[in-house]
Every structure is written in C-alpha cells, then in structure tokens.
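Text of protein_13.cif, listed as mmCIF, C-alpha atoms:
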```
data_my_file
loop_
_atom_site.group_PDB
_atom_site.id
_atom_site.type_symbol
_atom_site.label_atom_id
_atom_site.label_comp_id
_atom_site.auth_asym_id
_atom_site.auth_seq_id
_atom_site.Cartn_x
_atom_site.Cartn_y
_atom_site.Cartn_z
ATOM 1 C CA MET K 1 0.000 0.000 0.000
ATOM 2 C CA SER K 2 1.379 3.422 -0.936
ATOM 3 C CA GLU K 3 -0.668 5.772 1.242
ATOM 4 C CA ALA K 4 -2.666 5.923 4.447
ATOM 5 C CA ALA K 5 -6.028 4.168 4.413
ATOM 6 C CA LYS K 6 -9.041 6.463 4.427
ATOM 7 C CA LYS K 7 -11.481 4.426 6.504
ATOM 8 C CA GLY K 8 -12.252 1.255 8.384
ATOM 9 C CA SER K 9 -10.051 -1.048 10.421
ATOM 10 C CA GLN K 10 -7.114 -0.518 8.068
ATOM 11 C CA LYS K 11 -7.148 3.215 8.803
ATOM 12 C CA TRP K 12 -7.389 2.701 12.554
ATOM 13 C CA ILE K 13 -4.700 0.033 12.852
ATOM 14 C CA GLN K 14 -2.344 2.276 10.891
ATOM 15 C CA LYS K 15 -3.024 5.167 13.260
ATOM 16 C CA LEU K 16 -2.768 2.937 16.321
ATOM 17 C CA VAL K 17 0.561 1.350 15.371
ATOM 18 C CA ASN K 18 2.202 4.519 14.087
ATOM 19 C CA GLU K 19 0.814 7.188 16.387
ATOM 20 C CA LYS K 20 -0.366 5.617 19.640
ATOM 21 C CA PRO K 21 1.247 2.171 19.896
ATOM 22 C CA GLU K 22 1.303 2.297 23.686
ATOM 23 C CA LEU K 23 -2.515 2.123 23.732
ATOM 24 C CA LEU K 24 -2.140 -1.290 22.108
ATOM 25 C CA ASN K 25 0.986 -2.387 23.975
ATOM 26 C CA LEU K 26 -0.482 -1.596 27.375
ATOM 27 C CA GLN K 27 -3.537 -3.777 26.790
ATOM 28 C CA ILE K 28 -1.439 -6.610 25.376
ATOM 29 C CA ARG K 29 0.879 -6.584 28.402
ATOM 30 C CA ARG K 30 -2.058 -6.406 30.792
ATOM 31 C CA ASN K 31 -4.188 -9.094 29.116
ATOM 32 C CA LEU K 32 -1.332 -11.547 28.622
ATOM 33 C CA LYS K 33 0.229 -10.756 31.995
ATOM 34 C CA PHE K 34 3.565 -9.650 30.610
ATOM 35 C CA SER K 35 5.972 -7.549 32.649
ATOM 36 C CA GLU K 36 5.885 -3.777 32.193
ATOM 37 C CA ASP K 37 9.325 -3.800 30.597
ATOM 38 C CA GLU K 38 8.157 -6.093 27.761
ATOM 39 C CA ASN K 39 8.712 -3.621 24.945
ATOM 40 C CA ILE K 40 6.859 -4.353 21.686
ATOM 41 C CA GLN K 41 8.273 -3.032 18.430
ATOM 42 C CA TRP K 42 5.757 -2.885 15.592
ATOM 43 C CA LEU K 43 7.169 -3.973 12.244
ATOM 44 C CA SER K 44 4.055 -3.303 10.150
ATOM 45 C CA PRO K 45 2.098 -1.412 8.936
ATOM 46 C CA LEU K 46 4.672 1.374 9.208
ATOM 47 C CA LYS K 47 4.382 4.773 7.591
ATOM 48 C CA SER K 48 8.097 4.561 6.769
ATOM 49 C CA ASP K 49 7.344 1.314 4.881
ATOM 50 C CA ARG K 50 4.386 2.853 3.000
ATOM 51 C CA TYR K 51 1.996 1.024 5.333
ATOM 52 C CA ALA K 52 2.907 -2.339 3.802
ATOM 53 C CA GLU K 53 1.118 -5.437 5.069
ATOM 54 C CA TYR K 54 2.789 -8.838 4.885
ATOM 55 C CA ARG K 55 1.757 -12.402 4.115
ATOM 56 C CA ASP K 56 3.236 -15.774 3.131
ATOM 57 C CA GLN K 57 7.017 -16.097 3.479
ATOM 58 C CA ALA K 58 7.370 -12.302 3.608
ATOM 59 C CA PHE K 59 5.760 -12.112 7.048
ATOM 60 C CA ILE K 60 8.007 -14.912 8.326
ATOM 61 C CA ASN K 61 11.023 -13.010 6.993
ATOM 62 C CA LEU K 62 9.858 -9.767 8.591
ATOM 63 C CA LEU K 63 9.615 -11.470 11.970
ATOM 64 C CA ASP K 64 13.088 -12.925 11.321
ATOM 65 C CA VAL K 65 12.224 -16.486 12.327
ATOM 66 C CA GLU K 66 12.412 -19.965 10.802
ATOM 67 C CA LEU K 67 9.788 -22.687 10.673
ATOM 68 C CA LYS K 68 12.133 -25.631 11.163
ATOM 69 C CA GLN K 69 9.652 -28.374 12.034
ATOM 70 C CA THR K 70 6.817 -27.629 9.612
ATOM 71 C CA PRO K 71 7.620 -25.148 6.809
ATOM 72 C CA LEU K 72 4.933 -22.700 5.777
ATOM 73 C CA ALA K 73 4.769 -24.079 2.227
ATOM 74 C CA GLN K 74 3.967 -27.520 3.624
ATOM 75 C CA PHE K 75 1.127 -26.146 5.762
ATOM 76 C CA TRP K 76 -0.497 -23.497 3.556
ATOM 77 C CA PRO K 77 -0.469 -22.492 -0.137
ATOM 78 C CA LYS K 78 0.536 -19.054 -1.351
ATOM 79 C CA GLY K 79 -2.019 -16.315 -0.870
ATOM 80 C CA GLY K 80 -2.428 -16.978 2.854
ATOM 81 C CA PRO K 81 -3.507 -14.509 5.550
ATOM 82 C CA GLN K 82 -2.323 -10.932 5.148
ATOM 83 C CA TRP K 83 -1.587 -9.565 8.609
ATOM 84 C CA ASP K 84 -2.971 -6.183 9.643
ATOM 85 C CA ALA K 85 0.017 -5.686 11.944
ATOM 86 C CA LEU K 86 3.096 -7.613 13.005
ATOM 87 C CA GLY K 87 5.242 -7.026 16.046
ATOM 88 C CA LYS K 88 8.124 -8.449 18.037
ATOM 89 C CA SER K 89 8.955 -7.842 21.661
ATOM 90 C CA SER K 90 12.223 -7.293 23.498
ATOM 91 C CA SER K 91 12.112 -10.955 24.618
ATOM 92 C CA LYS K 92 11.463 -12.143 21.021
ATOM 93 C CA LYS K 93 7.740 -12.776 21.427
ATOM 94 C CA LEU K 94 5.888 -12.565 18.102
ATOM 95 C CA PHE K 95 2.572 -10.767 17.621
ATOM 96 C CA LEU K 96 0.185 -11.419 14.733
ATOM 97 C CA VAL K 97 -2.646 -8.899 14.576
ATOM 98 C CA GLU K 98 -6.076 -9.068 12.983
ATOM 99 C CA ALA K 99 -8.133 -5.848 13.208
ATOM 100 C CA LYS K 100 -11.872 -5.269 12.736
ATOM 101 C CA SER K 101 -14.099 -2.193 12.941
ATOM 102 C CA HIS K 102 -17.527 -3.648 12.102
ATOM 103 C CA ILE K 103 -19.178 -6.993 12.762
ATOM 104 C CA SER K 104 -19.722 -8.034 9.144
ATOM 105 C CA GLU K 105 -15.923 -8.230 8.784
ATOM 106 C CA LEU K 106 -16.060 -11.371 10.901
ATOM 107 C CA ILE K 107 -17.821 -13.246 8.104
ATOM 108 C CA SER K 108 -15.807 -14.871 5.310
ATOM 109 C CA THR K 109 -15.578 -18.077 3.268
ATOM 110 C CA LEU K 110 -12.663 -19.944 1.707
ATOM 111 C CA LYS K 111 -12.123 -19.155 -1.974
ATOM 112 C CA ALA K 112 -9.171 -21.280 -3.038
ATOM 113 C CA ARG K 113 -7.493 -20.794 -6.392
ATOM 114 C CA ASN K 114 -7.391 -24.500 -7.226
ATOM 115 C CA PRO K 115 -8.328 -27.916 -5.790
ATOM 116 C CA ASN K 116 -4.792 -28.608 -4.513
ATOM 117 C CA SER K 117 -4.753 -25.352 -2.551
ATOM 118 C CA GLU K 118 -8.203 -26.022 -1.156
ATOM 119 C CA ARG K 119 -7.203 -29.525 -0.096
ATOM 120 C CA ARG K 120 -4.076 -28.310 1.712
ATOM 121 C CA ILE K 121 -6.010 -25.558 3.501
ATOM 122 C CA THR K 122 -8.790 -27.960 4.491
ATOM 123 C CA GLU K 123 -6.267 -30.457 5.868
ATOM 124 C CA SER K 124 -4.484 -27.775 7.883
ATOM 125 C CA LEU K 125 -7.746 -26.429 9.268
ATOM 126 C CA LYS K 126 -8.677 -29.964 10.329
ATOM 127 C CA GLU K 127 -5.283 -30.458 11.972
ATOM 128 C CA THR K 128 -5.754 -27.187 13.845
ATOM 129 C CA ARG K 129 -9.277 -27.911 15.005
ATOM 130 C CA ASP K 130 -8.231 -31.397 16.152
ATOM 131 C CA HIS K 131 -5.381 -29.890 18.157
ATOM 132 C CA LEU K 132 -7.736 -27.348 19.704
ATOM 133 C CA GLY K 133 -10.313 -30.019 20.467
ATOM 134 C CA SER K 134 -13.149 -28.277 18.645
ATOM 135 C CA ASP K 135 -16.443 -29.936 19.564
ATOM 136 C CA THR K 136 -18.502 -28.842 16.576
ATOM 137 C CA ASP K 137 -19.213 -30.155 13.085
ATOM 138 C CA PHE K 138 -19.319 -26.585 11.747
ATOM 139 C CA ASP K 139 -17.257 -26.197 8.550
ATOM 140 C CA TRP K 140 -14.244 -24.024 9.383
ATOM 141 C CA SER K 141 -13.867 -23.036 5.729
ATOM 142 C CA ARG K 142 -17.308 -21.405 5.726
ATOM 143 C CA GLY K 143 -18.773 -18.471 7.595
ATOM 144 C CA PHE K 144 -15.872 -17.642 9.896
ATOM 145 C CA TYR K 145 -13.022 -18.828 7.702
ATOM 146 C CA GLN K 146 -10.754 -15.835 8.320
ATOM 147 C CA TYR K 147 -10.848 -16.279 12.077
ATOM 148 C CA ALA K 148 -10.227 -20.002 11.618
ATOM 149 C CA ASN K 149 -7.188 -19.503 9.407
ATOM 150 C CA ARG K 150 -5.698 -17.052 11.912
ATOM 151 C CA LEU K 151 -5.998 -19.766 14.540
ATOM 152 C CA ALA K 152 -4.300 -22.155 12.119
ATOM 153 C CA TYR K 153 -1.326 -19.832 11.715
ATOM 154 C CA LEU K 154 -0.945 -19.439 15.470
ATOM 155 C CA TYR K 155 -1.011 -23.220 15.713
ATOM 156 C CA LEU K 156 1.654 -23.476 12.987
ATOM 157 C CA LEU K 157 4.035 -21.060 14.712
ATOM 158 C CA ARG K 158 3.504 -22.698 18.096
ATOM 159 C CA LYS K 159 3.991 -26.129 16.494
ATOM 160 C CA ASN K 160 7.355 -24.801 15.331
ATOM 161 C CA GLN K 161 8.113 -23.867 18.951
ATOM 162 C CA LEU K 162 7.970 -20.138 18.296
ATOM 163 C CA PRO K 163 6.643 -17.756 21.019
ATOM 164 C CA ALA K 164 3.764 -16.455 18.905
ATOM 165 C CA TYR K 165 0.659 -14.623 20.070
ATOM 166 C CA LEU K 166 -2.524 -13.808 18.181
ATOM 167 C CA VAL K 167 -3.997 -10.365 18.854
ATOM 168 C CA PHE K 168 -7.519 -9.508 17.733
ATOM 169 C CA VAL K 169 -8.067 -5.741 17.754
ATOM 170 C CA TYR K 170 -11.696 -4.643 17.732
ATOM 171 C CA PHE K 171 -12.359 -0.946 17.173
ATOM 172 C CA VAL K 172 -15.325 0.657 18.903
ATOM 173 C CA ASN K 173 -17.272 3.691 17.646
ATOM 174 C CA ASP K 174 -16.258 3.554 13.995
ATOM 175 C CA LEU K 175 -19.522 5.258 13.080
ATOM 176 C CA GLU K 176 -18.521 5.718 9.440
ATOM 177 C CA MET K 177 -18.482 1.922 9.087
ATOM 178 C CA ARG K 178 -21.546 1.513 11.334
ATOM 179 C CA GLY K 179 -19.443 -0.488 13.739
ATOM 180 C CA PRO K 180 -20.253 -1.416 17.341
ATOM 181 C CA THR K 181 -20.491 1.454 19.797
ATOM 182 C CA THR K 182 -19.869 -0.736 22.836
ATOM 183 C CA ILE K 183 -17.490 -3.531 23.781
ATOM 184 C CA HIS K 184 -20.566 -5.559 24.764
ATOM 185 C CA GLU K 185 -21.728 -5.633 21.122
ATOM 186 C CA TRP K 186 -18.371 -6.959 19.988
ATOM 187 C CA LYS K 187 -18.247 -9.589 22.728
ATOM 188 C CA GLY K 188 -21.683 -10.881 21.764
ATOM 189 C CA ALA K 189 -20.608 -11.397 18.154
ATOM 190 C CA ILE K 190 -17.293 -12.959 19.191
ATOM 191 C CA GLU K 191 -19.034 -15.363 21.555
ATOM 192 C CA LEU K 192 -21.289 -16.509 18.713
ATOM 193 C CA LEU K 193 -18.258 -17.028 16.466
ATOM 194 C CA HIS K 194 -16.471 -19.044 19.164
ATOM 195 C CA SER K 195 -19.569 -21.167 19.637
ATOM 196 C CA TYR K 196 -19.886 -22.005 15.939
ATOM 197 C CA LEU K 197 -16.181 -22.890 15.653
ATOM 198 C CA GLY K 198 -16.223 -24.836 18.916
ATOM 199 C CA VAL K 199 -13.332 -22.843 20.396
ATOM 200 C CA ARG K 200 -14.726 -21.379 23.602
ATOM 201 C CA LYS K 201 -11.918 -23.151 25.471
ATOM 202 C CA HIS K 202 -8.856 -24.670 23.846
ATOM 203 C CA GLN K 203 -5.122 -25.326 24.143
ATOM 204 C CA LEU K 204 -3.977 -22.132 22.434
ATOM 205 C CA GLN K 205 -6.299 -19.824 24.359
ATOM 206 C CA LYS K 206 -3.540 -18.436 26.580
ATOM 207 C CA PHE K 207 -1.704 -17.218 23.477
ATOM 208 C CA ILE K 208 -4.659 -15.192 22.186
ATOM 209 C CA THR K 209 -5.974 -11.838 23.358
ATOM 210 C CA GLU K 210 -8.805 -9.520 22.383
ATOM 211 C CA ILE K 211 -8.110 -5.790 22.469
ATOM 212 C CA PHE K 212 -10.829 -3.147 22.302
ATOM 213 C CA ILE K 213 -9.832 0.339 21.148
ATOM 214 C CA ASP K 214 -12.187 3.325 20.975
ATOM 215 C CA VAL K 215 -11.472 5.230 17.763
ATOM 216 C CA ASN K 216 -12.189 8.456 19.664
ATOM 217 C CA ASP K 217 -8.863 7.881 21.403
ATOM 218 C CA LEU K 218 -7.194 7.988 17.977
ATOM 219 C CA ASN K 219 -9.238 10.761 16.353
ATOM 220 C CA ASN K 220 -7.374 13.519 18.150
ATOM 221 C CA VAL K 221 -4.126 12.437 16.512
ATOM 222 C CA ASP K 222 -3.216 14.264 13.335
ATOM 223 C CA ALA K 223 -2.327 12.017 10.422
#
```
Please go through the file and, once you have read it, give me the structure as structure tokens.
Amino acid sequence: MSEAAKKGSQKWIQKLVNEKPELLNLQIRRNLKFSEDENIQWLSPLKSDRYAEYRDQAFINLLDVELKQTPLAQFWPKGGPQWDALGKSSSKKLFLVEAKSHISELISTLKARNPNSERRITESLKETRDHLGSDTDFDWSRGFYQYANRLAYLYLLRKNQLPAYLVFVYFVNDLEMRGPTTIHEWKGAIELLHSYLGVRKHQLQKFITEIFIDVNDLNNVDA
C-alpha cells in the first residue's frame, strides 16, 4: 500500500501502530500478563514502509524467524492470511494482529485458487481444530473462515516452537463503518463465532488476546 487508508479497520490500525502504539501495547501486556518492561516493536504497517502489510514467506522473513519443524509451504499455499500488523517484543515474542471495525468483517468463506490449494487448507484447518479439540461439526472453511485460518497460523508457529501470540483488535465507535459502539456488542458477536467454531476453550487460548480500542482515542491524533 502506498498511502494511508481512508477508513475502516485498516485506517485505525495504521493510526494505532504509528501514532499511539502504547494504547495497544499496554492492553497486550495487561491481558497476557507480561511484565511492564516487555517492549513491543511494531514492524508493520509502518508509515516509513508505506503502510505495507505482509503475508506468506514475507511475514516470516519480517519477523526474522524460521519454521524448522513444519515449513509454511507444507502447511499453507501461497495467498495466505495478510496480517494487519506484526510485532516483536524485546524478549522475542511474536505478535500477529487481525483488526476489525464492524461486525460483518467477521464473516468470510474460503475461496481457493485451485483444488490442490483447497485440499491443503482444508487439511491444515482440520489439523488445527483437532489440536484445539473443537467440539462442533461446523465447517471451518465457511462463515468464519478468516478467524479459523488465523488460529491455524498461530497453531503453525507454536507447532514450530515459536513464542507467537494472536492479537484480535476490535475498534469501537467507527460510526462511518456503522461499527459497534460498545465492547458488549463486539463480545456478543465474538461469543457466537467461538460457539460455531467450537473454540470457547482450547489449548492455544492463553496465546490469544482480544483488544478493544475506541477510535475516539485515535481521532485527536493528526495524520
């Protein structure tokens, strides 16, 4: 991307990471019970990098890690998740961020380029859901596919013994996008999603956090 986003979650995550990162870092440290001196450096989307977002091997390279046990290409075809933000802490913890500003963004369905890609994705989603102990027959490639594939990537990094964390950032009061005006609205939608996917409680839960940011706390920052 060559310029700042004009609206939606992309706009707000850019402003948050570049202009008020401590709003995000503070909640991450608090929710995950990290020490106060756990400094998080955000690697994307940076204004100095033209707000680039990363996916596939490029995001692995940006985090400067290796997947020694299960390579990315073995787990997922090209065209995988594009991360809204990526960060790394002073103790080498890795942060993968997915941001949303309205509830309809939670809904998505797998659209694979070819049967081989679809088969690999389906197999990896099944491996992930089996590891998490999902207790539902709901198809992870339908409805809430994006959330499911983010879980799969966290599973992949953890399977490779990397200290990865998945951060879901939910923006409140994005009135332009008709987004939720309360945290309660977001939590209701998230609870429904968790129920469908069968992931209310699972093995990777302690490596996932939900952050709620009011866009009014970002609006007073000049772009």
Practice problem: Write out as number ranges by chain each polymer residue whose atoms come within 12 Å of Phe138 (chain K), counting all atoms listed in the file; drop sequence neighbours fewer than 6 positions from it. | Solution: K: 125-126, 129, 144-145, 148, 193-199
Practice problem: Up to 12 Å from (-18.6, -1.9, 22.8) in the file's coordinates: name the residues, counting only C-alpha atoms, as a PyMOL selection string. | Solution: chain K and resi 101-103+170-174+179-190+211-215
Practice problem: For CA of Thr209 (chain K) and CA of Phe59 (chain K), determine how far apart the two atoms are, in Å to one decimal place. | Solution: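 Value for the CA of Thr209 (chain K)-CA of Phe59 (chain K) distance: 20.1 Å.
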Quiz item: Which neighbours of region 83-96 of chain K fall inside 9 Å, counting only C-alpha atoms, when residues of the same chain fewer than 5 positions from it are skipped, and could you give them as a PyMOL selection string?
Solution: chain K and resi 9-10+13-14+17+37-46+53-55+59+62-63+150+154+162-168
Keeping only C-alpha atoms, take the residues you just selected and write them out as a compact mmCIF listing (two decimals), in the frame of the given file.
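part.txt written:
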```
# COMPACT_ATOMS: atom_id res chain seq x y z
CA SER K 9 -10.05 -1.05 10.42
CA GLN K 10 -7.11 -0.52 8.07
CA ILE K 13 -4.70 0.03 12.85
CA GLN K 14 -2.34 2.28 10.89
CA VAL K 17 0.56 1.35 15.37
CA ASP K 37 9.32 -3.80 30.60
CA GLU K 38 8.16 -6.09 27.76
CA ASN K 39 8.71 -3.62 24.94
CA ILE K 40 6.86 -4.35 21.69
CA GLN K 41 8.27 -3.03 18.43
CA TRP K 42 5.76 -2.88 15.59
CA LEU K 43 7.17 -3.97 12.24
CA SER K 44 4.06 -3.30 10.15
CA PRO K 45 2.10 -1.41 8.94
CA LEU K 46 4.67 1.37 9.21
CA GLU K 53 1.12 -5.44 5.07
CA TYR K 54 2.79 -8.84 4.88
CA ARG K 55 1.76 -12.40 4.12
CA PHE K 59 5.76 -12.11 7.05
CA LEU K 62 9.86 -9.77 8.59
CA LEU K 63 9.62 -11.47 11.97
CA ARG K 150 -5.70 -17.05 11.91
CA LEU K 154 -0.94 -19.44 15.47
CA LEU K 162 7.97 -20.14 18.30
CA PRO K 163 6.64 -17.76 21.02
CA ALA K 164 3.76 -16.45 18.90
CA TYR K 165 0.66 -14.62 20.07
CA LEU K 166 -2.52 -13.81 18.18
CA VAL K 167 -4.00 -10.36 18.85
CA PHE K 168 -7.52 -9.51 17.73
```
Exercise. May I have the protein, DNA and RNA residues with an atom at most 12 Å from (-9.7, -18.7, 5.3), counting all atoms listed in the file in the file's coordinates, returned as number ranges by chain?
Key: K: 76-77, 79-82, 106-112, 117-118, 120-122, 124-125, 139-153
Quiz item: Given the choices K:Leu218, K:Leu156, K:Leu192, K:Ala99, which gets closest to Gln74 (chain K) if the distance is worked out from only C-alpha atoms?
Solution: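 Closest to Gln74 (chain K), using only C-alpha atoms: K:Leu156.
Compared by their closest atoms to Gly8 (chain K), and using only C-alpha atoms, the residues K:Lys100, K:Lys201, K:Lys20, K:Arg158 rank with K:Lys100 nearest.
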Quiz item: In Å to one decimal, how far is CA of Leu32 (chain K) from CA of Asn160 (chain K)?
Solution: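 Separating CA of Asn160 (chain K) from CA of Leu32 (chain K) is a distance of 20.7 Å.
When CA of Glu36 (chain K) is paired with CA of Pro21 (chain K), their separation reads 14.4 Å.
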Exercise. Go through K:Lys15, K:Tyr155, K:Asn114, K:Glu123 and flag the residue nearest Phe207 (chain K), using only C-alpha atoms for the distances.
Key: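 Selected residue with least distance to Phe207 (chain K): K:Tyr155.
Closest approach to Lys159 (chain K) among K:Lys68, K:Arg178, K:Lys11, K:Arg30 is made by K:Lys68 (distances from all atoms listed in the file).
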Exercise. Could you tell me which of K:Glu98, K:Glu3, K:Glu19, K:Glu127 comes closest to Asp49 (chain K) if we count all atoms listed in the file?
Key: K:Glu3
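Proximity ranking of K:Asn116, K:Ser48, K:Asn31, K:Thr70 relative to Asn18 (chain K) places K:Ser48 first, based on all atoms listed in the file.
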Quiz item: Lys33 (chain K): which residues within 12 Å, counting all atoms listed in the file, same-chain residues fewer than 6 positions away excluded, as a ChimeraX atom specification?
Solution: /K:25-27,206-209
Write the selection just made, keeping C-alpha atoms, as a PDB file, keeping the file's coordinate frame?
```pdb
ATOM      1  CA  ASN K  25       0.986  -2.387  23.975  1.00  0.00           C
ATOM      2  CA  LEU K  26      -0.482  -1.596  27.375  1.00  0.00           C
ATOM      3  CA  GLN K  27      -3.537  -3.777  26.790  1.00  0.00           C
ATOM      4  CA  LYS K 206      -3.540 -18.436  26.580  1.00  0.00           C
ATOM      5  CA  PHE K 207      -1.704 -17.218  23.477  1.00  0.00           C
ATOM      6  CA  ILE K 208      -4.659 -15.192  22.186  1.00  0.00           C
ATOM      7  CA  THR K 209      -5.974 -11.838  23.358  1.00  0.00           C
TER       8      THR K 209
END
```
